[in-house]
$ cat model.cif   # mmCIF, C-alpha atoms and all ligand atoms
data_protein
loop_
_atom_site.group_PDB
_atom_site.id
_atom_site.type_symbol
_atom_site.label_atom_id
_atom_site.label_comp_id
_atom_site.auth_asym_id
_atom_site.auth_seq_id
_atom_site.Cartn_x
_atom_site.Cartn_y
_atom_site.Cartn_z
ATOM 1 C CA MET A 1 7.579 -8.818 12.163
ATOM 2 C CA LEU A 2 4.649 -10.000 10.110
ATOM 3 C CA LEU A 3 1.520 -10.713 12.038
ATOM 4 C CA ASN A 4 -0.551 -12.682 9.599
ATOM 5 C CA LYS A 5 -0.141 -16.025 11.274
ATOM 6 C CA THR A 6 -0.209 -14.747 14.803
ATOM 7 C CA TRP A 7 -3.398 -12.791 15.078
ATOM 8 C CA ARG A 8 -7.091 -13.475 15.030
ATOM 9 C CA ARG A 9 -9.708 -10.861 14.492
ATOM 10 C CA ARG A 10 -13.062 -10.386 16.076
ATOM 11 C CA ASP A 11 -15.567 -7.615 15.870
ATOM 12 C CA ASN A 12 -15.998 -5.430 18.882
ATOM 13 C CA LEU A 13 -19.494 -4.251 18.221
ATOM 14 C CA GLU A 14 -19.609 -1.739 21.004
ATOM 15 C CA SER A 15 -16.693 0.393 19.895
ATOM 16 C CA GLY A 16 -17.152 -0.464 16.242
ATOM 17 C CA ALA A 17 -13.453 -1.235 16.132
ATOM 18 C CA GLU A 18 -12.004 -4.566 15.208
ATOM 19 C CA ILE A 19 -9.648 -5.966 17.780
ATOM 20 C CA ILE A 20 -6.562 -7.972 17.094
ATOM 21 C CA GLU A 21 -5.889 -10.718 19.546
ATOM 22 C CA HIS A 22 -2.231 -11.449 19.306
ATOM 23 C CA LYS A 23 -0.835 -14.776 20.416
ATOM 24 C CA GLN A 24 1.676 -12.941 22.569
ATOM 25 C CA GLY A 25 -1.196 -11.252 24.322
ATOM 26 C CA PHE A 26 -1.333 -7.682 23.048
ATOM 27 C CA SER A 27 -4.368 -6.418 21.256
ATOM 28 C CA SER A 28 -4.872 -3.317 19.248
ATOM 29 C CA GLY A 29 -7.368 -2.027 16.728
ATOM 30 C CA PRO A 30 -6.830 -1.442 13.045
ATOM 31 C CA VAL A 31 -4.634 1.455 11.979
ATOM 32 C CA ILE A 32 -7.149 2.306 9.295
ATOM 33 C CA ARG A 33 -10.763 1.297 8.988
ATOM 34 C CA ALA A 34 -13.217 2.444 6.359
ATOM 35 C CA LYS A 35 -16.957 1.876 6.531
ATOM 36 C CA ASP A 36 -19.778 2.066 4.003
ATOM 37 C CA LEU A 37 -17.586 3.562 1.320
ATOM 38 C CA VAL A 38 -19.188 4.690 -1.901
ATOM 39 C CA VAL A 39 -17.284 6.574 -4.590
ATOM 40 C CA ILE A 40 -19.283 8.024 -7.455
ATOM 41 C CA LYS A 41 -17.526 9.696 -10.382
ATOM 42 C CA GLN A 42 -19.360 11.261 -13.292
ATOM 43 C CA GLY A 43 -22.579 9.626 -12.129
ATOM 44 C CA LYS A 44 -21.020 6.149 -12.031
ATOM 45 C CA THR A 45 -20.497 4.160 -8.825
ATOM 46 C CA ILE A 46 -16.903 3.003 -9.083
ATOM 47 C CA LEU A 47 -16.401 1.788 -5.513
ATOM 48 C CA LYS A 48 -18.736 0.222 -2.965
ATOM 49 C CA VAL A 49 -16.983 -1.272 0.057
ATOM 50 C CA GLU A 50 -18.860 -1.900 3.286
ATOM 51 C CA ASP A 51 -15.973 -2.488 5.620
ATOM 52 C CA ILE A 52 -12.225 -2.686 5.244
ATOM 53 C CA SER A 53 -9.488 -2.582 7.861
ATOM 54 C CA VAL A 54 -5.725 -2.360 7.763
ATOM 55 C CA PHE A 55 -4.034 -3.953 10.777
ATOM 56 C CA PRO A 56 -0.710 -3.023 12.385
ATOM 57 C CA GLY A 57 2.272 -4.728 10.803
ATOM 58 C CA GLU A 58 0.409 -6.424 7.972
ATOM 59 C CA VAL A 59 1.078 -6.141 4.263
ATOM 60 C CA LEU A 60 -2.387 -6.004 2.750
ATOM 61 C CA ALA A 61 -2.562 -6.541 -0.987
ATOM 62 C CA ILE A 62 -5.487 -5.249 -3.010
ATOM 63 C CA VAL A 63 -5.617 -7.159 -6.264
ATOM 64 C CA GLY A 64 -7.984 -7.132 -9.204
ATOM 65 C CA PRO A 65 -8.188 -6.537 -12.934
ATOM 66 C CA ASN A 66 -7.797 -3.154 -14.653
ATOM 67 C CA GLY A 67 -10.572 -0.784 -13.697
ATOM 68 C CA ALA A 68 -11.503 -2.776 -10.556
ATOM 69 C CA GLY A 69 -11.246 0.303 -8.358
ATOM 70 C CA LYS A 70 -7.901 -0.552 -6.701
ATOM 71 C CA SER A 71 -6.331 2.885 -7.100
ATOM 72 C CA THR A 72 -9.577 4.536 -6.081
ATOM 73 C CA LEU A 73 -9.666 2.490 -2.878
ATOM 74 C CA LEU A 74 -6.000 3.250 -2.147
ATOM 75 C CA THR A 75 -6.611 6.950 -2.679
ATOM 76 C CA ILE A 76 -9.445 6.884 -0.151
ATOM 77 C CA LEU A 77 -7.567 4.801 2.449
ATOM 78 C CA ALA A 78 -4.518 7.079 2.098
ATOM 79 C CA CYS A 79 -6.834 10.043 2.711
ATOM 80 C CA LEU A 80 -5.803 11.714 -0.549
ATOM 81 C CA GLU A 81 -9.495 12.016 -1.387
ATOM 82 C CA PHE A 82 -12.757 11.791 0.544
ATOM 83 C CA PRO A 83 -15.343 9.192 -0.482
ATOM 84 C CA THR A 84 -18.710 10.310 -1.832
ATOM 85 C CA LYS A 85 -20.279 8.473 1.096
ATOM 86 C CA GLY A 86 -18.903 6.669 4.132
ATOM 87 C CA ALA A 87 -16.107 7.306 6.588
ATOM 88 C CA VAL A 88 -12.440 6.542 7.110
ATOM 89 C CA PHE A 89 -11.005 6.108 10.605
ATOM 90 C CA PHE A 90 -7.326 6.506 11.460
ATOM 91 C CA ARG A 91 -6.455 4.820 14.756
ATOM 92 C CA GLY A 92 -10.117 4.915 15.710
ATOM 93 C CA HIS A 93 -10.693 8.602 14.914
ATOM 94 C CA GLN A 94 -12.754 9.641 11.926
ATOM 95 C CA VAL A 95 -10.770 11.515 9.285
ATOM 96 C CA THR A 96 -12.333 14.890 8.614
ATOM 97 C CA ARG A 97 -11.444 17.921 6.526
ATOM 98 C CA LYS A 98 -10.088 19.472 9.705
ATOM 99 C CA ASN A 99 -7.673 16.713 10.721
ATOM 100 C CA VAL A 100 -6.838 15.232 7.310
ATOM 101 C CA LEU A 101 -3.503 17.021 6.958
ATOM 102 C CA SER A 102 -2.186 15.695 10.241
ATOM 103 C CA VAL A 103 -3.383 12.197 9.300
ATOM 104 C CA ARG A 104 -1.621 12.410 5.950
ATOM 105 C CA ARG A 105 1.625 13.232 7.695
ATOM 106 C CA GLU A 106 1.501 9.726 9.141
ATOM 107 C CA MET A 107 1.335 8.125 5.701
ATOM 108 C CA ALA A 108 3.485 7.783 2.619
ATOM 109 C CA VAL A 109 2.472 6.838 -0.913
ATOM 110 C CA VAL A 110 4.541 5.452 -3.788
ATOM 111 C CA PHE A 111 3.048 5.240 -7.276
ATOM 112 C CA GLN A 112 3.993 3.251 -10.371
ATOM 113 C CA GLU A 113 5.893 6.220 -11.752
ATOM 114 C CA PRO A 114 8.432 7.372 -9.158
ATOM 115 C CA LEU A 115 7.647 11.117 -9.555
ATOM 116 C CA LEU A 116 11.130 12.229 -8.576
ATOM 117 C CA LEU A 117 11.961 15.898 -8.469
ATOM 118 C CA ASP A 118 14.789 17.608 -10.266
ATOM 119 C CA GLY A 119 17.781 17.188 -7.971
ATOM 120 C CA THR A 120 20.041 14.467 -6.640
ATOM 121 C CA VAL A 121 18.992 11.137 -5.211
ATOM 122 C CA ARG A 122 19.950 12.368 -1.762
ATOM 123 C CA GLU A 123 17.862 15.534 -2.135
ATOM 124 C CA ASN A 124 14.891 13.461 -3.246
ATOM 125 C CA VAL A 125 15.140 11.091 -0.293
ATOM 126 C CA ARG A 126 15.531 14.017 2.108
ATOM 127 C CA LEU A 127 12.602 15.892 0.593
ATOM 128 C CA GLY A 128 9.776 14.446 2.673
ATOM 129 C CA LEU A 129 11.690 15.011 5.893
ATOM 130 C CA SER A 130 12.283 18.667 4.986
ATOM 131 C CA LEU A 131 8.641 19.170 3.994
ATOM 132 C CA ARG A 132 7.482 17.710 7.287
ATOM 133 C CA GLY A 133 9.962 19.797 9.246
ATOM 134 C CA LEU A 134 11.797 16.717 10.511
ATOM 135 C CA LYS A 135 15.267 18.215 10.659
ATOM 136 C CA ASP A 136 16.667 16.349 13.648
ATOM 137 C CA ASP A 137 18.737 13.446 12.608
ATOM 138 C CA ALA A 138 17.687 13.955 8.966
ATOM 139 C CA GLU A 139 21.079 13.267 7.389
ATOM 140 C CA ARG A 140 21.585 10.065 9.364
ATOM 141 C CA ARG A 141 18.093 8.858 8.470
ATOM 142 C CA VAL A 142 18.708 9.587 4.800
ATOM 143 C CA ASP A 143 22.012 7.676 4.955
ATOM 144 C CA THR A 144 20.299 4.704 6.575
ATOM 145 C CA TRP A 145 17.651 4.410 3.876
ATOM 146 C CA LEU A 146 20.020 5.036 0.972
ATOM 147 C CA GLU A 147 22.030 2.154 2.364
ATOM 148 C CA ARG A 148 19.027 -0.144 2.897
ATOM 149 C CA PHE A 149 17.906 0.318 -0.697
ATOM 150 C CA GLY A 150 21.462 -0.108 -2.007
ATOM 151 C CA ILE A 151 21.656 3.344 -3.580
ATOM 152 C CA THR A 152 24.338 5.014 -1.430
ATOM 153 C CA HIS A 153 26.654 5.108 -4.450
ATOM 154 C CA LEU A 154 23.982 7.045 -6.394
ATOM 155 C CA SER A 155 23.510 9.649 -3.675
ATOM 156 C CA GLY A 156 24.971 12.540 -5.714
ATOM 157 C CA GLN A 157 23.494 11.468 -9.061
ATOM 158 C CA MET A 158 20.738 13.567 -10.641
ATOM 159 C CA ALA A 159 17.380 11.818 -10.386
ATOM 160 C CA HIS A 160 16.494 12.255 -14.063
ATOM 161 C CA THR A 161 19.548 10.183 -15.067
ATOM 162 C CA LEU A 162 18.528 7.104 -13.043
ATOM 163 C CA SER A 163 17.381 3.787 -14.500
ATOM 164 C CA GLY A 164 13.808 2.673 -13.787
ATOM 165 C CA GLY A 165 14.868 0.333 -10.990
ATOM 166 C CA GLU A 166 17.163 2.936 -9.391
ATOM 167 C CA ALA A 167 14.421 5.554 -9.580
ATOM 168 C CA GLN A 168 11.927 3.233 -7.908
ATOM 169 C CA ARG A 169 14.430 2.419 -5.146
ATOM 170 C CA THR A 170 14.842 6.153 -4.610
ATOM 171 C CA ALA A 171 11.066 6.645 -4.425
ATOM 172 C CA LEU A 172 10.729 3.798 -1.904
ATOM 173 C CA ALA A 173 13.601 5.166 0.208
ATOM 174 C CA ARG A 174 11.964 8.613 0.127
ATOM 175 C CA ALA A 175 8.761 7.073 1.487
ATOM 176 C CA LEU A 176 10.338 4.860 4.144
ATOM 177 C CA VAL A 177 12.679 7.527 5.495
ATOM 178 C CA LEU A 178 9.500 9.147 6.842
ATOM 179 C CA GLU A 179 8.867 6.032 8.925
ATOM 180 C CA PRO A 180 5.191 6.224 8.015
ATOM 181 C CA LYS A 181 2.518 4.545 10.130
ATOM 182 C CA VAL A 182 1.108 3.238 6.859
ATOM 183 C CA LEU A 183 2.888 2.864 3.544
ATOM 184 C CA PHE A 184 0.727 2.824 0.395
ATOM 185 C CA LEU A 185 2.093 1.374 -2.817
ATOM 186 C CA ASP A 186 0.195 1.573 -6.103
ATOM 187 C CA GLU A 187 1.811 -0.881 -8.528
ATOM 188 C CA PRO A 188 5.326 0.309 -7.665
ATOM 189 C CA PHE A 189 7.038 -2.542 -9.490
ATOM 190 C CA ALA A 190 4.834 -2.667 -12.579
ATOM 191 C CA SER A 191 7.184 -0.846 -14.943
ATOM 192 C CA LEU A 192 10.326 -2.736 -13.932
ATOM 193 C CA ASP A 193 11.815 -5.547 -15.996
ATOM 194 C CA LEU A 194 11.514 -9.025 -14.516
ATOM 195 C CA MET A 195 15.085 -9.334 -13.171
ATOM 196 C CA THR A 196 15.063 -5.878 -11.606
ATOM 197 C CA LYS A 197 11.653 -6.576 -10.139
ATOM 198 C CA HIS A 198 12.608 -9.902 -8.569
ATOM 199 C CA GLY A 199 15.740 -8.420 -7.015
ATOM 200 C CA LEU A 200 13.907 -5.442 -5.580
ATOM 201 C CA LEU A 201 10.955 -7.521 -4.347
ATOM 202 C CA LYS A 202 13.279 -9.796 -2.396
ATOM 203 C CA GLU A 203 15.097 -6.903 -0.757
ATOM 204 C CA PHE A 204 11.908 -4.989 -0.153
ATOM 205 C CA ARG A 205 10.311 -7.930 1.606
ATOM 206 C CA GLY A 206 13.271 -7.987 4.010
ATOM 207 C CA ILE A 207 12.933 -4.254 4.584
ATOM 208 C CA LEU A 208 9.219 -4.533 5.373
ATOM 209 C CA GLU A 209 9.819 -7.469 7.714
ATOM 210 C CA ASP A 210 12.623 -5.676 9.567
ATOM 211 C CA SER A 211 10.771 -2.387 9.893
ATOM 212 C CA GLY A 212 7.331 -3.934 10.523
ATOM 213 C CA THR A 213 5.825 -1.186 8.360
ATOM 214 C CA THR A 214 2.066 -1.497 7.912
ATOM 215 C CA THR A 215 1.607 -1.574 4.153
ATOM 216 C CA VAL A 216 -1.191 -1.472 1.593
ATOM 217 C CA LEU A 217 -0.050 -2.757 -1.788
ATOM 218 C CA VAL A 218 -2.146 -2.379 -4.917
ATOM 219 C CA SER A 219 -1.244 -4.823 -7.639
ATOM 220 C CA HIS A 220 -2.676 -6.779 -10.510
ATOM 221 C CA ASP A 221 0.274 -9.152 -10.486
ATOM 222 C CA PHE A 222 0.019 -12.103 -8.142
ATOM 223 C CA SER A 223 3.794 -12.721 -8.090
ATOM 224 C CA GLU A 224 4.220 -9.440 -6.222
ATOM 225 C CA VAL A 225 1.470 -10.443 -3.852
ATOM 226 C CA ARG A 226 3.088 -13.807 -3.172
ATOM 227 C CA ALA A 227 6.416 -12.124 -2.494
ATOM 228 C CA LEU A 228 5.128 -9.468 -0.109
ATOM 229 C CA ALA A 229 1.587 -9.786 1.179
ATOM 230 C CA THR A 230 0.293 -11.293 4.392
ATOM 231 C CA ARG A 231 -3.368 -10.797 3.463
ATOM 232 C CA VAL A 232 -5.131 -10.296 0.159
ATOM 233 C CA ILE A 233 -8.354 -8.614 -0.859
ATOM 234 C CA VAL A 234 -9.695 -9.284 -4.340
ATOM 235 C CA LEU A 235 -11.531 -6.312 -5.782
ATOM 236 C CA SER A 236 -13.619 -6.300 -8.912
ATOM 237 C CA GLY A 237 -16.314 -3.994 -10.184
ATOM 238 C CA GLY A 238 -15.574 -1.747 -7.200
ATOM 239 C CA LYS A 239 -16.557 -4.469 -4.718
ATOM 240 C CA ILE A 240 -14.659 -6.868 -2.480
ATOM 241 C CA GLN A 241 -15.036 -10.359 -3.950
ATOM 242 C CA ALA A 242 -12.807 -12.310 -1.581
ATOM 243 C CA GLU A 243 -10.317 -12.024 1.251
ATOM 244 C CA GLY A 244 -7.668 -14.399 2.568
ATOM 245 C CA THR A 245 -3.991 -15.257 2.786
ATOM 246 C CA PRO A 246 -2.070 -15.375 -0.512
ATOM 247 C CA ASP A 247 -2.261 -19.185 -0.402
ATOM 248 C CA GLU A 248 -5.984 -19.267 0.298
ATOM 249 C CA ILE A 249 -6.643 -16.795 -2.463
ATOM 250 C CA SER A 250 -4.481 -18.464 -5.083
ATOM 251 C CA VAL A 251 -5.587 -22.010 -4.296
ATOM 252 C CA ASP A 252 -9.233 -21.625 -3.283
ATOM 253 C CA VAL A 253 -10.487 -18.364 -4.682
ATOM 254 C CA LEU A 254 -8.805 -17.341 -7.924
ATOM 255 C CA PRO A 255 -9.534 -20.528 -9.871
ATOM 256 C CA LYS A 256 -13.231 -20.097 -9.070
ATOM 257 C CA LEU A 257 -13.415 -16.460 -10.102
ATOM 258 C CA LYS A 258 -14.678 -15.646 -13.544
ATOM 259 C CA GLU A 259 -11.883 -14.848 -15.993
ATOM 260 C CA SER A 260 -13.125 -11.280 -16.229
ATOM 261 C CA VAL A 261 -12.606 -10.548 -12.531
ATOM 262 C CA ARG A 262 -9.289 -12.346 -12.024
ATOM 263 C CA PRO A 263 -6.114 -10.430 -11.353
ATOM 264 C CA ASN A 264 -3.255 -10.878 -13.776
ATOM 265 C CA LEU A 265 -1.871 -14.312 -13.033
ATOM 266 C CA THR A 266 1.351 -14.104 -15.011
ATOM 267 C CA GLY A 267 3.267 -14.405 -11.774
ATOM 268 C CA GLY A 268 2.593 -18.134 -11.702
ATOM 269 C CA TRP A 269 0.085 -18.383 -8.904
ATOM 270 C CA LYS A 270 -0.623 -22.016 -9.720
ATOM 271 C CA ASN A 271 2.277 -24.410 -9.102
HETATM 272 N N1 LIG A 301 -12.479 10.747 -12.421
HETATM 273 C C1 LIG A 301 -13.118 9.699 -12.912
HETATM 274 N N2 LIG A 301 -14.224 9.850 -13.653
HETATM 275 C C2 LIG A 301 -14.897 8.782 -14.160
HETATM 276 N N3 LIG A 301 -14.521 7.515 -13.977
HETATM 277 C C3 LIG A 301 -13.430 7.299 -13.241
HETATM 278 C C4 LIG A 301 -12.662 8.365 -12.673
HETATM 279 N N4 LIG A 301 -11.621 7.838 -12.010
HETATM 280 C C5 LIG A 301 -11.723 6.499 -12.147
HETATM 281 N N5 LIG A 301 -12.801 6.174 -12.900
HETATM 282 C C6 LIG A 301 -13.229 4.814 -13.274
HETATM 283 O O1 LIG A 301 -13.317 4.031 -12.106
HETATM 284 C C7 LIG A 301 -12.908 2.693 -12.349
HETATM 285 C C8 LIG A 301 -11.859 2.301 -11.333
HETATM 286 O O2 LIG A 301 -10.673 3.040 -11.580
HETATM 287 P P1 LIG A 301 -9.316 2.720 -10.812
HETATM 288 O O3 LIG A 301 -8.275 3.638 -11.361
HETATM 289 O O4 LIG A 301 -9.559 2.787 -9.367
HETATM 290 O O5 LIG A 301 -9.035 1.225 -11.241
HETATM 291 P P2 LIG A 301 -7.773 0.292 -10.978
HETATM 292 O O6 LIG A 301 -8.275 -0.970 -10.388
HETATM 293 O O7 LIG A 301 -6.730 1.026 -10.233
HETATM 294 O O8 LIG A 301 -7.285 -0.025 -12.470
HETATM 295 P P3 LIG A 301 -5.793 -0.225 -13.061
HETATM 296 O O9 LIG A 301 -5.405 -1.658 -12.753
HETATM 297 O O10 LIG A 301 -5.997 -0.047 -14.533
HETATM 298 O O11 LIG A 301 -4.887 0.782 -12.465
HETATM 299 C C9 LIG A 301 -12.441 2.646 -13.792
HETATM 300 O O12 LIG A 301 -13.465 2.099 -14.568
HETATM 301 C C10 LIG A 301 -12.212 4.085 -14.151
HETATM 302 O O13 LIG A 301 -12.472 4.336 -15.509
HETATM 303 MG MG MG A 302 -4.770 1.663 -10.703
#

$ encode --input "model.cif" --output "C-alpha cells" --more "lines below"
Ligand SMILES: Nc1ncnc2c1ncn2[C@@H]1O[C@H](COP(=O)(O)OP(=O)(O)OP(=O)(O)O)[C@@H](O)[C@H]1O
Ligand SMILES: [Mg+2]
Amino acid sequence: MLLNKTWRRRDNLESGAEIIEHKQGFSSGPVIRAKDLVVIKQGKTILKVEDISVFPGEVLAIVGPNGAGKSTLLTILACLEFPTKGAVFFRGHQVTRKNVLSVRREMAVVFQEPLLLDGTVRENVRLGLSLRGLKDDAERRVDTWLERFGITHLSGQMAHTLSGGEAQRTALARALVLEPKVLFLDEPFASLDLMTKHGLLKEFRGILEDSGTTTVLVSHDFSEVRALATRVIVLSGGKIQAEGTPDEISVDVLPKLKESVRPNLTGGWKN
C-alpha cells in the first residue's frame, strides 16, 4: 500500500510533529523526523537540513549528484551516526545515546556492496534474526523471503560464489526478513547490469507495495526513483533543493536545476 496519493500533510505546531491526514480517515505522525541537522566533518559543513520527515508506508528517494550528502543524510536518519547539531526523532521520541540501540533494531540498511558474510545464502538471510534474538518462526520467515526474492534454489550456496544480482537479492532478503519499521537503501542497484537491475527493480517494487515497508532510498539514478519512489527529495551541496513526486521533480524541477546539481539522468527522466 503506497500512500503518496492518499495523504496530505500539515504541520502540527503544538506537538512539533507532522500529521498525515489519510483519505480513509486515519492519521499518524512521521516514523522519522529530523530537525535542524548540521553535519560537520574535518571543519567542513557537509549537511544542513532544517526539517525532513519519513512517513509510514512511503518510499522516499533522496537524489542528487556525487558528494551531495545523500549517504551522510541516510546515515543520520538510520541512526548509524549522530549529527553534529540537531535532533532525530523516531516515532516522536528523540533518539539519544541511551535509546539508539533499541531504535536501530527497528531499522535495516542495505548498501551498494552487499557485505555478505562467509556462509550460505540461508545463513546470511537468517543472520539478522539470530543477532536480534528473533528465534521464533525464524526458519519459516527465512523461507518466505528467500522465496519472495527468487533465491530459494540458492539457499545452500556459499555467498562468495554468488553473482552480483544474486548477492544483492540476498542482502535485500536479509534486510526484509527483519520486517523493519524503516528500510534504508544506499544505491543498492548501482553495481548491477541494466537487465539485472530492471528485473530486480520490478520485483522489488511489488515486494515494497505488498509489505508496505517504509523505505528511504538513496540514488543518483532517476530510473530507480521512477520505478520505486512515492516522494523525492533533491539534495545538493548538503541542502534540500526541492521536494515532490517523481513526476513533479522530473517535469518541473530537474530541468530548471543547474547541471552541476542535477542527479544522474541516464534513466531517461524526460520522455
Ligand atoms: N569523514 C569525512 N571527512 C570529510 N569529508 C567527508 C567525510 N565524509 C563525507 N565527506 C564529504 O561530504 C560530502 C558528502 O558525502 P556523501 O558521501 O554524503 O555524498 P553522497 O551524496 O552520498 O555522494 P555519492 O553519490 O558519491 O555516494 C562529500 O563531499 C564528501 O567528500
Ligand atoms: Mg553516497

$ closest_residue --input "model.cif" --among "A:Thr120, A:Val110, A:Cys79, A:Phe204" --to "Gln94 of chain A" --atoms "only C-alpha atoms"
A:Cys79

$ residues_around --input "model.cif" --residues "Val103 of chain A" --least-positions-apart "5" --cutoff "9 Å" --atoms "only C-alpha atoms" --output "ChimeraX atom specification"
/A:78-79,90,95

$ residues_around --input "model.cif" --residues "Ser155 of chain A" --least-positions-apart "2" --cutoff "12 Å" --atoms "all atoms listed in the file" --output "ChimeraX atom specification"
/A:119-126,139,142-147,149-153,157-159,162,166-167,169-170,173

$ residues_near_ligand --input "model.cif" --ligand "ligand LIG 301 (chain A)" --cutoff "7 Å" --atoms "all atoms listed in the file" --output "list in words"
Lys41, Gln42, Lys44, Ile46, Gly64, Pro65, Asn66, Gly67, Ala68, Gly69, Lys70, Ser71, Thr72, Leu73, His220 and Gly238 of chain A

$ resolve_selection --input "model.cif" --expression "the PyMOL selection byres (((chain A and resi 57) around 6) and not hetatm)" --output "tab-separated table (two decimals) with C-alpha atoms, in the coordinates of the input"
chain	number	residue	atom	x	y	z
A	2	LEU	CA	4.65	-10.00	10.11
A	56	PRO	CA	-0.71	-3.02	12.38
A	58	GLU	CA	0.41	-6.42	7.97
A	212	GLY	CA	7.33	-3.93	10.52
A	213	THR	CA	5.82	-1.19	8.36
A	214	THR	CA	2.07	-1.50	7.91

$ atom_distance --input "model.cif" --atom1 "atom CA of Val216 of chain A" --atom2 "atom CA of Leu60 of chain A"
4.8 Å

$ resolve_selection --input "model.cif" --expression "the PyMOL selection byres (((chain A and resi 218) around 7) and not hetatm)" --output "VMD selection string"
chain A and resid 61 to 63 70 185 to 187 216 to 217 219

$ atom_distance --input "model.cif" --atom1 "atom CA of Leu74 of chain A" --atom2 "atom CA of Glu209 of chain A"
21.5 Å

$ closest_residue --input "model.cif" --among "A:Ala229, A:Val54, A:Leu115, A:Leu47" --to "Gly86 of chain A" --atoms "all atoms listed in the file"
A:Leu47

$ closest_residue --input "model.cif" --among "A:Pro246, A:Gly128, A:Pro114, A:Pro188" --to "Val59 of chain A" --atoms "only C-alpha atoms"
A:Pro246

$ resolve_selection --input "model.cif" --expression "the PyMOL selection byres (((chain A and resi 34) around 10) and not hetatm)" --output "list of chain:residue names"
A:Ile32, A:Arg33, A:Lys35, A:Asp36, A:Leu37, A:Val49, A:Glu50, A:Asp51, A:Ile52, A:Ser53, A:Val54, A:Leu73, A:Ile76, A:Leu77, A:Pro83, A:Gly86, A:Ala87, A:Val88, A:Phe89, A:Phe90, A:Gln94, A:Val95

$ closest_residue --input "model.cif" --among "A:Leu131, A:Leu208, A:Met107, A:Leu201" --to "Val225 of chain A" --atoms "all atoms listed in the file"
A:Leu201
